[in-house]
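Text of model_27.cif (mmCIF, C-alpha atoms) as supplied:
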data_entry
#
loop_
_atom_site.label_atom_id
_atom_site.label_comp_id
_atom_site.auth_asym_id
_atom_site.auth_seq_id
_atom_site.Cartn_x
_atom_site.Cartn_y
_atom_site.Cartn_z
CA MET A 1046 22.27 3.06 -28.03
CA HIS A 1047 19.59 4.91 -29.90
CA TYR A 1048 15.86 4.48 -29.45
CA ASP A 1049 13.10 6.26 -31.33
CA PHE A 1050 10.29 7.09 -29.02
CA GLN A 1051 6.98 6.78 -30.84
CA PHE A 1052 4.06 8.03 -28.87
CA ALA A 1053 1.70 8.37 -31.88
CA ASP A 1054 0.17 4.90 -31.45
CA VAL A 1055 -0.34 5.50 -27.75
CA PHE A 1056 -2.04 8.87 -28.14
CA ALA A 1057 -4.15 7.54 -31.03
CA ALA A 1058 -5.67 5.14 -28.53
CA TRP A 1059 -6.80 7.90 -26.17
CA PRO A 1060 -10.50 6.87 -26.13
CA LEU A 1061 -9.48 3.42 -24.83
CA LEU A 1062 -7.14 4.97 -22.26
CA ALA A 1063 -9.88 7.35 -21.13
CA LYS A 1064 -12.29 4.45 -20.70
CA GLY A 1065 -9.70 2.46 -18.75
CA THR A 1066 -9.04 5.46 -16.52
CA TRP A 1067 -12.75 5.80 -15.84
CA ILE A 1068 -13.03 2.10 -14.93
CA THR A 1069 -10.06 2.38 -12.56
CA VAL A 1070 -11.66 5.41 -10.85
CA GLN A 1071 -15.06 3.74 -10.78
CA LEU A 1072 -13.67 0.52 -9.27
CA SER A 1073 -11.73 2.45 -6.64
CA LEU A 1074 -14.64 4.69 -5.64
CA SER A 1075 -17.21 1.89 -5.43
CA ALA A 1076 -14.79 -0.42 -3.60
CA THR A 1077 -14.08 2.38 -1.13
CA LEU A 1078 -17.77 3.07 -0.46
CA ILE A 1079 -18.64 -0.62 0.04
CA GLY A 1080 -15.41 -1.20 1.97
CA LEU A 1081 -16.26 1.69 4.29
CA ALA A 1082 -19.68 0.20 5.04
CA ILE A 1083 -17.97 -3.09 5.94
CA ALA A 1084 -15.38 -1.23 8.00
CA ILE A 1085 -17.98 0.69 9.99
CA PHE A 1086 -19.76 -2.57 10.82
CA CYS A 1087 -16.46 -4.27 11.74
CA ALA A 1088 -15.34 -1.31 13.86
CA TRP A 1089 -18.61 -1.51 15.74
CA GLY A 1090 -18.34 -5.32 16.05
CA LYS A 1091 -14.76 -5.21 17.25
CA THR A 1092 -15.48 -2.59 19.89
CA TRP A 1093 -18.94 -3.55 21.15
CA GLY A 1094 -19.88 -6.87 19.51
CA PRO A 1095 -20.14 -10.30 21.18
CA ARG A 1096 -16.89 -12.19 21.65
CA PRO A 1097 -17.17 -14.71 18.73
CA LEU A 1098 -17.93 -11.84 16.33
CA ARG A 1099 -14.89 -9.93 17.63
CA TRP A 1100 -12.77 -12.99 17.02
CA VAL A 1101 -14.03 -13.41 13.44
CA ILE A 1102 -13.45 -9.74 12.64
CA GLN A 1103 -9.94 -9.88 14.08
CA ALA A 1104 -9.16 -12.95 11.93
CA TYR A 1105 -10.48 -11.16 8.81
CA ILE A 1106 -8.31 -8.10 9.46
CA GLU A 1107 -5.14 -10.12 10.16
CA LEU A 1108 -5.66 -12.37 7.12
CA ILE A 1109 -6.14 -9.48 4.72
CA ARG A 1110 -3.37 -7.33 6.12
CA ASN A 1111 -0.78 -10.10 6.07
CA THR A 1112 -1.29 -11.47 2.55
CA PRO A 1113 -0.65 -9.72 -0.79
CA PHE A 1114 -3.54 -8.15 -2.68
CA LEU A 1115 -2.55 -10.16 -5.78
CA VAL A 1116 -3.05 -13.44 -3.92
CA GLN A 1117 -6.40 -12.24 -2.57
CA LEU A 1118 -7.42 -11.39 -6.14
CA PHE A 1119 -6.40 -14.85 -7.40
CA PHE A 1120 -8.33 -16.37 -4.55
CA PHE A 1121 -11.54 -14.53 -5.48
CA PHE A 1122 -11.12 -14.99 -9.22
CA PHE A 1123 -9.86 -18.57 -9.48
CA ALA A 1124 -10.61 -20.30 -6.20
CA LEU A 1125 -14.20 -19.24 -5.52
CA PRO A 1126 -15.46 -20.19 -9.04
CA ALA A 1127 -14.00 -23.65 -8.41
CA VAL A 1128 -16.53 -24.09 -5.61
CA GLY A 1129 -19.38 -22.95 -7.84
CA LEU A 1130 -19.40 -19.15 -7.54
CA ARG A 1131 -18.92 -17.76 -11.06
CA TRP A 1132 -18.36 -14.12 -11.76
CA SER A 1133 -16.77 -11.70 -14.21
CA PRO A 1134 -13.22 -10.34 -13.84
CA TYR A 1135 -14.74 -6.95 -13.04
CA ALA A 1136 -16.88 -8.35 -10.22
CA ALA A 1137 -13.98 -10.38 -8.81
CA ALA A 1138 -11.76 -7.29 -8.89
CA LEU A 1139 -14.39 -5.17 -7.15
CA VAL A 1140 -14.94 -7.79 -4.43
CA ALA A 1141 -11.19 -8.26 -3.86
CA MET A 1142 -10.79 -4.49 -3.59
CA PHE A 1143 -13.57 -3.83 -1.09
CA VAL A 1144 -12.67 -6.83 1.03
CA ASN A 1145 -9.10 -5.49 1.13
CA LEU A 1146 -10.08 -1.90 1.89
CA GLY A 1147 -12.57 -3.00 4.55
CA ALA A 1148 -9.81 -4.56 6.65
CA TYR A 1149 -7.54 -1.51 6.55
CA ALA A 1150 -10.39 0.97 7.05
CA THR A 1151 -11.66 -0.91 10.13
CA GLU A 1152 -8.48 -0.08 12.02
CA ILE A 1153 -8.59 3.53 10.83
CA ILE A 1154 -12.21 3.97 11.95
CA ARG A 1155 -11.52 2.33 15.31
CA ALA A 1156 -8.69 4.76 15.88
CA GLY A 1157 -11.11 7.59 15.06
CA ILE A 1158 -13.72 6.39 17.55
CA GLU A 1159 -11.07 5.94 20.22
CA SER A 1160 -9.85 9.47 19.62
CA ILE A 1161 -13.09 10.86 21.11
CA PRO A 1162 -12.65 11.37 24.87
CA LYS A 1163 -15.42 9.61 26.84
CA GLY A 1164 -15.97 12.80 28.84
CA GLN A 1165 -17.19 14.59 25.73
CA ILE A 1166 -19.89 11.99 25.12
CA GLU A 1167 -20.95 12.19 28.76
CA ALA A 1168 -20.97 15.97 28.55
CA GLY A 1169 -23.20 15.77 25.48
CA LEU A 1170 -25.64 13.47 27.28
CA ALA A 1171 -25.57 15.71 30.36
CA LEU A 1172 -26.57 18.63 28.13
CA SER A 1173 -29.58 16.41 27.26
CA LEU A 1174 -28.65 15.97 23.64
CA LYS A 1175 -30.45 13.02 22.06
CA PRO A 1176 -28.25 9.93 21.41
CA HIS A 1177 -28.40 10.47 17.64
CA GLN A 1178 -27.30 14.08 18.15
CA VAL A 1179 -24.44 12.95 20.36
CA PHE A 1180 -23.43 10.48 17.67
CA ARG A 1181 -23.63 12.99 14.84
CA LEU A 1182 -22.20 16.07 16.52
CA ILE A 1183 -19.82 14.70 19.12
CA ILE A 1184 -18.66 11.38 17.72
CA LEU A 1185 -19.06 11.37 13.95
CA LYS A 1186 -17.78 14.76 12.86
CA PRO A 1187 -14.69 14.95 15.09
CA ALA A 1188 -13.91 11.29 14.40
CA LEU A 1189 -14.26 11.84 10.66
CA ARG A 1190 -12.03 14.87 10.96
CA ALA A 1191 -9.39 12.82 12.74
CA ILE A 1192 -9.44 9.91 10.29
CA PHE A 1193 -10.08 11.73 7.01
CA PRO A 1194 -6.39 12.07 6.02
CA ALA A 1195 -5.71 8.38 6.75
CA LEU A 1196 -8.84 7.28 4.87
CA THR A 1197 -8.04 9.35 1.81
CA SER A 1198 -4.47 8.10 1.60
CA GLN A 1199 -5.86 4.57 1.93
CA PHE A 1200 -8.13 5.35 -1.04
CA ILE A 1201 -5.17 6.48 -3.13
CA LEU A 1202 -3.16 3.40 -2.14
CA LEU A 1203 -6.11 1.24 -3.21
CA MET A 1204 -6.42 3.04 -6.54
CA LEU A 1205 -2.73 2.54 -7.25
CA SER A 1206 -2.70 -1.10 -6.18
CA SER A 1207 -5.77 -1.68 -8.38
CA ALA A 1208 -3.33 -1.74 -11.32
CA VAL A 1209 -2.85 -5.37 -10.25
CA VAL A 1210 -6.41 -6.32 -11.30
CA SER A 1211 -5.18 -6.11 -14.91
CA VAL A 1212 -3.77 -9.64 -14.48
CA ILE A 1213 -7.33 -10.96 -14.61
CA SER A 1214 -8.22 -8.47 -17.43
CA ALA A 1215 -10.71 -6.40 -15.48
CA ASP A 1216 -10.77 -3.67 -18.21
CA ASP A 1217 -9.05 -1.14 -15.96
CA LEU A 1218 -6.37 1.33 -17.10
CA THR A 1219 -3.51 -1.17 -16.84
CA SER A 1220 -5.50 -3.82 -18.75
CA VAL A 1221 -5.96 -1.31 -21.56
CA ALA A 1222 -2.21 -0.68 -21.49
CA ALA A 1223 -1.48 -4.40 -21.69
CA ASN A 1224 -3.83 -4.79 -24.69
CA LEU A 1225 -2.30 -1.80 -26.47
CA GLN A 1226 1.14 -3.24 -25.83
CA SER A 1227 0.29 -6.49 -27.56
CA GLN A 1228 -1.07 -4.58 -30.57
CA THR A 1229 1.62 -1.93 -30.99
CA PHE A 1230 4.70 -3.36 -29.20
CA ARG A 1231 5.38 0.15 -27.84
CA SER A 1232 5.50 -1.09 -24.24
CA PHE A 1233 7.86 1.54 -22.82
CA GLU A 1234 5.92 4.47 -24.31
CA ILE A 1235 2.60 3.01 -23.20
CA TYR A 1236 3.73 2.46 -19.63
CA ILE A 1237 5.24 5.95 -19.44
CA VAL A 1238 1.90 7.48 -20.47
CA VAL A 1239 -0.14 5.22 -18.20
CA THR A 1240 2.17 5.89 -15.23
CA GLY A 1241 1.63 9.59 -15.93
CA ILE A 1242 -2.14 9.09 -15.84
CA TYR A 1243 -1.92 7.32 -12.47
CA LEU A 1244 0.29 10.08 -11.09
CA ALA A 1245 -2.18 12.72 -12.30
CA LEU A 1246 -5.07 10.79 -10.71
CA ALA A 1247 -3.21 10.47 -7.39
CA LEU A 1248 -2.30 14.18 -7.31
CA ALA A 1249 -5.80 15.27 -8.37
CA PHE A 1250 -7.55 13.15 -5.75
CA SER A 1251 -5.23 14.22 -2.96
CA ALA A 1252 -5.80 17.89 -3.90
CA LEU A 1253 -9.57 17.27 -3.95
CA PHE A 1254 -9.51 15.57 -0.54
CA ARG A 1255 -7.43 18.38 0.95
CA ALA A 1256 -9.99 20.89 -0.33
CA ILE A 1257 -12.84 18.84 1.20
CA GLN A 1258 -10.97 18.63 4.49
CA ARG A 1259 -10.47 22.39 4.51
CA HIS A 1260 -14.02 23.33 3.62
CA ALA A 1261 -16.26 20.66 5.12
CA LEU A 1262 -14.34 19.28 8.06
CA SER A 1263 -12.63 22.21 9.72
CA TYR A 1264 -14.24 23.96 12.65
CA PRO A 1265 -15.26 27.56 12.15
CA ASP A 1266 -12.43 29.68 13.41
CA ARG A 1267 -13.88 32.16 15.90
CA ARG A 1268 -11.46 34.41 17.63
CA MET B 1124 -4.30 -32.63 -15.49
CA ARG B 1125 -2.83 -34.29 -12.45
CA THR B 1126 -3.79 -34.34 -8.82
CA PHE B 1127 -2.43 -31.96 -6.25
CA GLY B 1128 0.01 -33.68 -3.93
CA LEU B 1129 2.86 -33.15 -1.52
CA PRO B 1130 5.45 -32.43 -4.26
CA ASP B 1131 3.27 -29.52 -5.39
CA ILE B 1132 3.08 -28.07 -1.90
CA TRP B 1133 6.83 -28.52 -1.63
CA PHE B 1134 7.35 -26.70 -4.95
CA ILE B 1135 5.43 -23.68 -3.63
CA VAL B 1136 7.10 -23.74 -0.21
CA ALA B 1137 10.55 -24.00 -1.83
CA ALA B 1138 9.77 -20.91 -3.93
CA ALA B 1139 9.42 -19.00 -0.67
CA ARG B 1140 13.21 -18.67 -0.57
CA TRP B 1141 12.95 -16.38 -3.63
CA THR B 1142 10.26 -14.32 -1.95
CA ILE B 1143 12.49 -14.02 1.11
CA ALA B 1144 15.60 -13.22 -0.97
CA LEU B 1145 13.77 -10.55 -2.96
CA SER B 1146 12.31 -9.06 0.25
CA LEU B 1147 15.77 -8.90 1.84
CA ILE B 1148 17.28 -7.19 -1.21
CA ALA B 1149 14.39 -4.72 -1.36
CA PHE B 1150 14.62 -4.04 2.35
CA VAL B 1151 18.40 -3.64 2.63
CA GLY B 1152 18.67 -1.60 -0.59
CA GLY B 1153 15.56 0.37 0.35
CA ALA B 1154 16.95 1.12 3.81
CA LEU B 1155 20.13 2.61 2.33
CA GLY B 1156 18.17 4.54 -0.29
CA GLY B 1157 15.56 5.53 2.29
CA LEU B 1158 18.21 6.99 4.59
CA ALA B 1159 19.54 9.08 1.71
CA VAL B 1160 16.01 10.23 0.83
CA ALA B 1161 15.17 11.06 4.46
CA LEU B 1162 18.41 13.03 4.90
CA GLY B 1163 17.76 14.82 1.60
CA ARG B 1164 14.23 15.65 2.66
CA THR B 1165 15.41 17.18 5.97
CA ALA B 1166 18.53 18.85 4.52
CA GLU B 1167 19.13 22.59 4.61
CA ASN B 1168 20.06 22.55 0.94
CA ARG B 1169 16.98 23.46 -1.08
CA ALA B 1170 17.95 21.45 -4.18
CA ALA B 1171 18.42 18.28 -2.10
CA ARG B 1172 15.03 18.83 -0.46
CA ARG B 1173 13.31 19.33 -3.82
CA LEU B 1174 14.96 16.27 -5.34
CA ALA B 1175 13.99 14.04 -2.42
CA THR B 1176 10.42 15.39 -2.40
CA GLY B 1177 10.04 14.77 -6.13
CA PHE B 1178 11.41 11.25 -5.77
CA ILE B 1179 8.94 10.45 -2.99
CA GLN B 1180 5.98 11.95 -4.86
CA LEU B 1181 6.81 10.05 -8.01
CA PHE B 1182 7.09 6.67 -6.30
CA GLN B 1183 4.21 7.17 -3.87
CA GLY B 1184 1.94 8.53 -6.61
CA THR B 1185 2.29 5.71 -9.12
CA PRO B 1186 1.49 1.98 -8.89
CA LEU B 1187 4.32 -0.36 -7.91
CA LEU B 1188 3.29 -2.50 -10.89
CA MET B 1189 3.95 0.41 -13.30
CA GLN B 1190 7.36 1.00 -11.70
CA LEU B 1191 8.13 -2.67 -12.24
CA PHE B 1192 6.98 -2.52 -15.88
CA LEU B 1193 8.96 0.66 -16.56
CA VAL B 1194 12.18 -0.92 -15.28
CA PHE B 1195 11.48 -4.20 -17.06
CA PHE B 1196 10.49 -2.70 -20.42
CA GLY B 1197 12.57 0.46 -20.12
CA ALA B 1198 15.98 -1.09 -19.43
CA PRO B 1199 16.22 -2.72 -22.90
CA VAL B 1200 15.53 0.72 -24.41
CA LEU B 1201 18.62 2.01 -22.61
CA GLY B 1202 20.52 -0.95 -24.03
CA VAL B 1203 20.53 -3.18 -20.95
CA GLU B 1204 18.73 -6.49 -21.08
CA VAL B 1205 17.42 -7.27 -17.60
CA SER B 1206 16.09 -10.49 -16.16
CA PRO B 1207 12.78 -10.40 -14.26
CA TRP B 1208 14.91 -10.97 -11.14
CA THR B 1209 16.99 -7.81 -11.67
CA ALA B 1210 14.01 -5.73 -12.77
CA ALA B 1211 12.03 -6.74 -9.69
CA GLY B 1212 15.02 -6.05 -7.43
CA VAL B 1213 15.64 -2.57 -8.86
CA ALA B 1214 11.97 -1.53 -8.85
CA LEU B 1215 11.41 -2.77 -5.29
CA VAL B 1216 14.56 -1.06 -3.98
CA LEU B 1217 13.51 2.27 -5.51
CA ASN B 1218 9.95 1.94 -4.23
CA THR B 1219 11.05 0.94 -0.71
CA SER B 1220 13.53 3.85 -0.65
CA ALA B 1221 10.73 6.32 -1.31
CA PHE B 1222 8.36 4.91 1.32
CA LEU B 1223 11.01 4.39 4.04
CA GLY B 1224 12.44 7.82 3.19
CA GLU B 1225 9.07 9.45 3.88
CA ILE B 1226 8.52 7.42 7.07
CA TRP B 1227 11.99 8.28 8.39
CA ARG B 1228 11.67 11.96 7.46
CA GLY B 1229 8.77 12.11 9.92
CA CYS B 1230 10.88 10.38 12.57
CA ILE B 1231 13.84 12.74 12.07
CA GLU B 1232 11.53 15.75 12.31
CA ALA B 1233 9.98 14.31 15.46
CA VAL B 1234 13.29 14.71 17.31
CA PRO B 1235 12.81 17.92 19.30
CA ARG B 1236 14.31 20.99 17.64
CA GLY B 1237 16.21 21.79 20.85
CA GLN B 1238 18.33 18.68 20.34
CA TRP B 1239 19.50 20.01 16.97
CA GLU B 1240 20.23 23.40 18.44
CA ALA B 1241 22.09 21.89 21.38
CA ALA B 1242 24.24 19.81 19.02
CA ASP B 1243 24.87 22.95 16.98
CA ALA B 1244 25.80 24.92 20.09
CA LEU B 1245 28.27 22.21 21.09
CA GLY B 1246 29.99 22.80 17.77
CA LEU B 1247 29.15 19.42 16.24
CA ASP B 1248 29.29 19.37 12.47
CA TYR B 1249 26.47 17.92 10.33
CA VAL B 1250 27.78 14.35 10.32
CA ALA B 1251 28.44 14.24 14.05
CA ARG B 1252 25.13 15.93 14.84
CA MET B 1253 23.19 13.41 12.77
CA ARG B 1254 25.17 10.37 13.83
CA ARG B 1255 25.50 11.10 17.54
CA VAL B 1256 22.42 13.13 18.36
CA VAL B 1257 19.54 13.09 15.88
CA LEU B 1258 19.55 9.66 14.22
CA PRO B 1259 19.86 7.58 17.42
CA GLN B 1260 16.77 9.32 18.80
CA ALA B 1261 14.94 9.14 15.46
CA TRP B 1262 15.72 5.42 15.31
CA LYS B 1263 13.70 4.74 18.47
CA ILE B 1264 10.68 6.46 16.94
CA ALA B 1265 11.24 4.78 13.57
CA LEU B 1266 11.44 1.15 14.70
CA PRO B 1267 7.70 0.26 14.90
CA PRO B 1268 6.68 1.78 11.53
CA THR B 1269 9.80 0.33 9.89
CA VAL B 1270 9.00 -3.19 11.05
CA GLY B 1271 5.41 -2.60 9.92
CA TYR B 1272 6.67 -1.53 6.52
CA MET B 1273 8.64 -4.77 6.14
CA VAL B 1274 5.26 -6.49 5.82
CA GLN B 1275 4.42 -4.22 2.87
CA VAL B 1276 7.77 -5.05 1.26
CA ILE B 1277 7.17 -8.80 1.50
CA LYS B 1278 3.67 -8.42 0.05
CA GLY B 1279 5.02 -6.17 -2.71
CA THR B 1280 7.39 -8.88 -3.94
CA SER B 1281 4.32 -10.83 -5.13
CA LEU B 1282 4.09 -8.43 -8.09
CA ALA B 1283 7.33 -9.87 -9.47
CA ALA B 1284 5.17 -12.86 -10.44
CA ILE B 1285 3.50 -10.69 -13.10
CA ILE B 1286 6.77 -10.21 -14.99
CA GLY B 1287 7.53 -13.91 -14.71
CA PHE B 1288 9.82 -14.21 -11.69
CA THR B 1289 9.12 -17.51 -9.96
CA GLU B 1290 8.54 -16.66 -6.33
CA VAL B 1291 5.67 -17.96 -4.19
CA THR B 1292 2.78 -16.39 -6.14
CA ARG B 1293 4.13 -17.43 -9.54
CA ALA B 1294 4.87 -20.93 -8.22
CA GLY B 1295 1.23 -21.07 -7.13
CA GLN B 1296 0.05 -20.03 -10.61
CA ILE B 1297 2.23 -22.71 -12.22
CA ILE B 1298 0.91 -25.45 -9.94
CA ASN B 1299 -2.65 -24.21 -10.40
CA ASN B 1300 -2.30 -24.42 -14.18
CA ALA B 1301 -1.10 -28.01 -13.86
CA THR B 1302 -3.51 -29.32 -11.25
CA PHE B 1303 -6.44 -26.90 -11.41
CA GLN B 1304 -6.98 -26.92 -7.67
CA PRO B 1305 -7.12 -23.14 -7.14
CA LEU B 1306 -8.77 -23.30 -3.72
CA VAL B 1307 -6.01 -25.42 -2.21
CA VAL B 1308 -3.17 -23.84 -4.18
CA PHE B 1309 -3.99 -20.23 -3.36
CA SER B 1310 -4.73 -21.14 0.25
CA VAL B 1311 -1.22 -22.57 0.51
CA VAL B 1312 0.23 -19.48 -1.17
CA GLY B 1313 -1.72 -17.19 1.15
CA ALA B 1314 -0.65 -19.23 4.18
CA ILE B 1315 3.03 -18.86 3.27
CA TYR B 1316 2.74 -15.07 3.10
CA PHE B 1317 0.79 -15.09 6.34
CA VAL B 1318 3.49 -17.09 8.11
CA LEU B 1319 6.12 -14.62 6.85
CA CYS B 1320 4.18 -11.44 7.60
CA TRP B 1321 2.14 -12.09 10.72
CA PRO B 1322 5.07 -12.37 13.17
CA LEU B 1323 6.39 -9.06 11.84
CA SER B 1324 2.98 -7.43 12.27
CA LEU B 1325 2.73 -8.73 15.84
CA TRP B 1326 6.24 -7.54 16.60
CA ALA B 1327 5.52 -4.09 15.16
CA GLY B 1328 2.33 -3.88 17.24
CA ARG B 1329 4.15 -4.89 20.40
CA ILE B 1330 7.01 -2.40 20.12
CA GLU B 1331 4.52 0.32 19.18
CA LYS B 1332 2.50 -0.36 22.33
CA ARG B 1333 5.63 -0.45 24.47
CA ARG B 1334 6.71 2.90 23.06
CA ALA B 1335 3.28 4.41 23.70
CA LEU B 1336 3.44 3.20 27.31
CA ALA B 1337 6.94 4.59 27.73
CA LEU B 1338 5.76 7.96 26.40
CA ALA B 1339 2.68 8.01 28.63
CA ARG B 1340 4.78 7.54 31.73
#
In structure tokens, write the structure found in this file.
Amino acid sequence: MHYDFQFADVFAAWPLLAKGTWITVQLSLSATLIGLAIAIFCAWGKTWGPRPLRWVIQAYIELIRNTPFLVQLFFFFFALPAVGLRWSPYAAALVAMFVNLGAYATEIIRAGIESIPKGQIEAGLALSLKPHQVFRLIILKPALRAIFPALTSQFILLMLSSAVVSVISADDLTSVAANLQSQTFRSFEIYIVVTGIYLALALAFSALFRAIQRHALSYPDRR
Amino acid sequence: MRTFGLPDIWFIVAAARWTIALSLIAFVGGALGGLAVALGRTAENRAARRLATGFIQLFQGTPLLMQLFLVFFGAPVLGVEVSPWTAAGVALVLNTSAFLGEIWRGCIEAVPRGQWEAADALGLDYVARMRRVVLPQAWKIALPPTVGYMVQVIKGTSLAAIIGFTEVTRAGQIINNATFQPLVVFSVVGAIYFVLCWPLSLWAGRIEKRRALALAR
């Protein structure tokens, strides 16, 4: 069996691939930021909110975590427009992504809050720190430090699973690949290159997050 | 266009057997592969460690969908025509091997070093040390995350729909194209996954809590 690999068509399309890569990164970053806002609210609601709210949040988390992202995407893209809510593939993809991330991040943030011993908060208050200082210095930074690795790997998982949004043609990297494939019929070459781009993105982001963790979130080492 | 009725629901529910079959293949194959990867990752041999690390990085650093496409479009290049069924099975087994391998590596390393040394001092060889001392203890640590990962495997099988394998998600798409009742159709599809996954999630949570209690004691 002999096969001539022809990458020329794939590399000739680099501006399209670069644009698709940018849209994938953009979708993942914005979905993560919005998803985090949802998750912080839900973590608060699940820990301190009234009982009905806690129940709703729990249902949201269980529903999202126990159904595939692809089905959630179909639900937002096909089912909601059927009841009158029309939006673009890009918007549907973004919503599906932040709704998904919000559920996973809620549990991560809750774990972070629970990792702060109550005694430390009481100690902060006893030292007459203001509540916002207690929150910022005693809860937020150590909690962020504890959950940062989990959050960043959740971000990378989201970025990789965002390849799925190509099924509704959301203009992301995989959508570009699918279009190129139908024009050039070089599917294997295209998917090798695109897989390489995803791998590079995943490695680059995890290196970036490790650097942030080292510089911004480690305590000064005084000996 | 026709209306959505009981036969349509039945068509989607019946497709669940393919989701379950694919999940079982992925899980059983992935468990065997994952054990090999985990043993490679914790081996003393440097080449085995490197190989296992590279395998994990490759499969954890790329989308499952791309892995599926590469198997599906790549196999014909190597001269093998594969059905969507085979392609999905192969891709999911490889992917599950990488993730379970990394989870189990952590569990093997969590077995206290003294246990390894004690087994060594008793003159057990590698196989006996792993089989009689390390793996049984690692297994206890590994159970909750492994059950939790089964949920990910089941959800991952939905991607097989994209290459045309008719499991639950694809069955839902087919019915939706015929009846155009997306709200009902995708609710049914979602409900089927939920019924498959939720008990596993609850079980994983329960054994995790029990283990935490046992450790706290």
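For segment 1289-1306 of chain B, the residues within 6 Å (counting only C-alpha atoms, excluding itself and residues fewer than 5 positions away along the chain) are A:Phe1123, A:Ala1124, B:Met1124, B:Arg1125, B:Thr1126, B:Phe1127, B:Ile1135, B:Ala1138, B:Ala1139, B:Trp1141, B:Thr1142, B:Ser1281, B:Ala1284.
Comparing B:Val1250, B:Val1194, B:Val1151, B:Ala1211 by their smallest distance to chain A, the closest is B:Val1194 (using all atoms listed in the file).
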Taking the file as I've supplied it (selection: the PyMOL selection byres ((chain A) within 9 of (chain B))), which residues are included? Please answer as a PyMOL selection string.
chain A and resi 1046-1048+1107-1108+1110-1117+1119-1120+1123-1125+1127-1128+1201-1202+1204-1209+1212+1219+1232-1234+1236-1237+1239-1248
What's around Leu1155 of chain B at 12 Å? Count only C-alpha atoms, leave out sequence neighbours fewer than 6 positions away in its own chain, and write the answer as a list in words.
Ile1148, Ala1149, Ala1161, Leu1162, Val1216, Leu1217, Thr1219, Ser1220, Ala1221, Leu1223, Gly1224 and Trp1227 of chain B
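Listed by chain and then by number, the residues chosen by the PyMOL selection byres ((chain B and resi 1264) around 10) in this file are Trp1227, Gly1229, Cys1230, Ile1231, Ala1233, Val1234, Leu1258, Pro1259, Gln1260, Ala1261, Trp1262, Lys1263, Ala1265, Leu1266, Pro1267, Pro1268, Thr1269, Glu1331 and Arg1334 of chain B.
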Give the answer as one residue: which of B:Ala1214, B:Ala1244, B:Val1160, B:Val1257 has the shortest atom-to-atom distance to Ile1179 of chain B, using only C-alpha atoms?
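Of the candidates, the smallest distance to Ile1179 of chain B is held by B:Val1160.
The spacing separating atom CA of Ile1257 of chain A from atom CA of Ile1166 of chain A amounts to 25.9 Å.
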Given the file above and the PyMOL selection byres ((chain A and resi 1183) around 12), which residues are selected, and can you give them as JSON, numbers by chain?
{"A": [1157, 1158, 1160, 1161, 1162, 1163, 1164, 1165, 1166, 1167, 1168, 1169, 1170, 1172, 1174, 1175, 1176, 1177, 1178, 1179, 1180, 1181, 1182, 1184, 1185, 1186, 1187, 1188, 1189, 1190]}
Just write the chosen residues, C-alpha atoms, as a short mmCIF file (atom, residue, chain, number, x, y, z; two decimals), keeping the file's coordinate frame.
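Generated file (result.cif):
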data_model
loop_
_atom_site.label_atom_id
_atom_site.label_comp_id
_atom_site.auth_asym_id
_atom_site.auth_seq_id
_atom_site.Cartn_x
_atom_site.Cartn_y
_atom_site.Cartn_z
CA GLY A 1157 -11.11 7.59 15.06
CA ILE A 1158 -13.72 6.39 17.55
CA SER A 1160 -9.85 9.47 19.62
CA ILE A 1161 -13.09 10.86 21.11
CA PRO A 1162 -12.65 11.37 24.87
CA LYS A 1163 -15.42 9.61 26.84
CA GLY A 1164 -15.97 12.80 28.84
CA GLN A 1165 -17.19 14.59 25.73
CA ILE A 1166 -19.89 11.99 25.12
CA GLU A 1167 -20.95 12.19 28.76
CA ALA A 1168 -20.97 15.97 28.55
CA GLY A 1169 -23.20 15.77 25.48
CA LEU A 1170 -25.64 13.47 27.28
CA LEU A 1172 -26.57 18.63 28.13
CA LEU A 1174 -28.65 15.97 23.64
CA LYS A 1175 -30.45 13.02 22.06
CA PRO A 1176 -28.25 9.93 21.41
CA HIS A 1177 -28.40 10.47 17.64
CA GLN A 1178 -27.30 14.08 18.15
CA VAL A 1179 -24.44 12.95 20.36
CA PHE A 1180 -23.43 10.48 17.67
CA ARG A 1181 -23.63 12.99 14.84
CA LEU A 1182 -22.20 16.07 16.52
CA ILE A 1184 -18.66 11.38 17.72
CA LEU A 1185 -19.06 11.37 13.95
CA LYS A 1186 -17.78 14.76 12.86
CA PRO A 1187 -14.69 14.95 15.09
CA ALA A 1188 -13.91 11.29 14.40
CA LEU A 1189 -14.26 11.84 10.66
CA ARG A 1190 -12.03 14.87 10.96
#
Between atom CA of Leu1062 of chain A and atom CA of Leu1074 of chain A, what is the spacing in Å?
18.2 Å
Can you work out the spacing between atom CA of Ala1088 of chain A and atom CA of Phe1222 of chain B in Å, to one decimal?
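Spanning atom CA of Ala1088 of chain A to atom CA of Phe1222 of chain B is a straight-line distance of 27.5 Å.
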At a cut-off of 10 Å around the point (-15.2, -14.0, -18.2) (file coordinates), what residues fall inside when counting all atoms listed in the file? I'd like the answer as a compact mmCIF listing (two decimals) with C-alpha atoms, in the coordinates of the input.
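Output contents, as saved in out-v9.txt:
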# COMPACT_ATOMS: atom_id res chain seq x y z
CA PHE A 1122 -11.12 -14.99 -9.22
CA ARG A 1131 -18.92 -17.76 -11.06
CA TRP A 1132 -18.36 -14.12 -11.76
CA SER A 1133 -16.77 -11.70 -14.21
CA PRO A 1134 -13.22 -10.34 -13.84
CA TYR A 1135 -14.74 -6.95 -13.04
CA ALA A 1136 -16.88 -8.35 -10.22
CA ILE A 1213 -7.33 -10.96 -14.61
CA SER A 1214 -8.22 -8.47 -17.43
CA ALA A 1215 -10.71 -6.40 -15.48
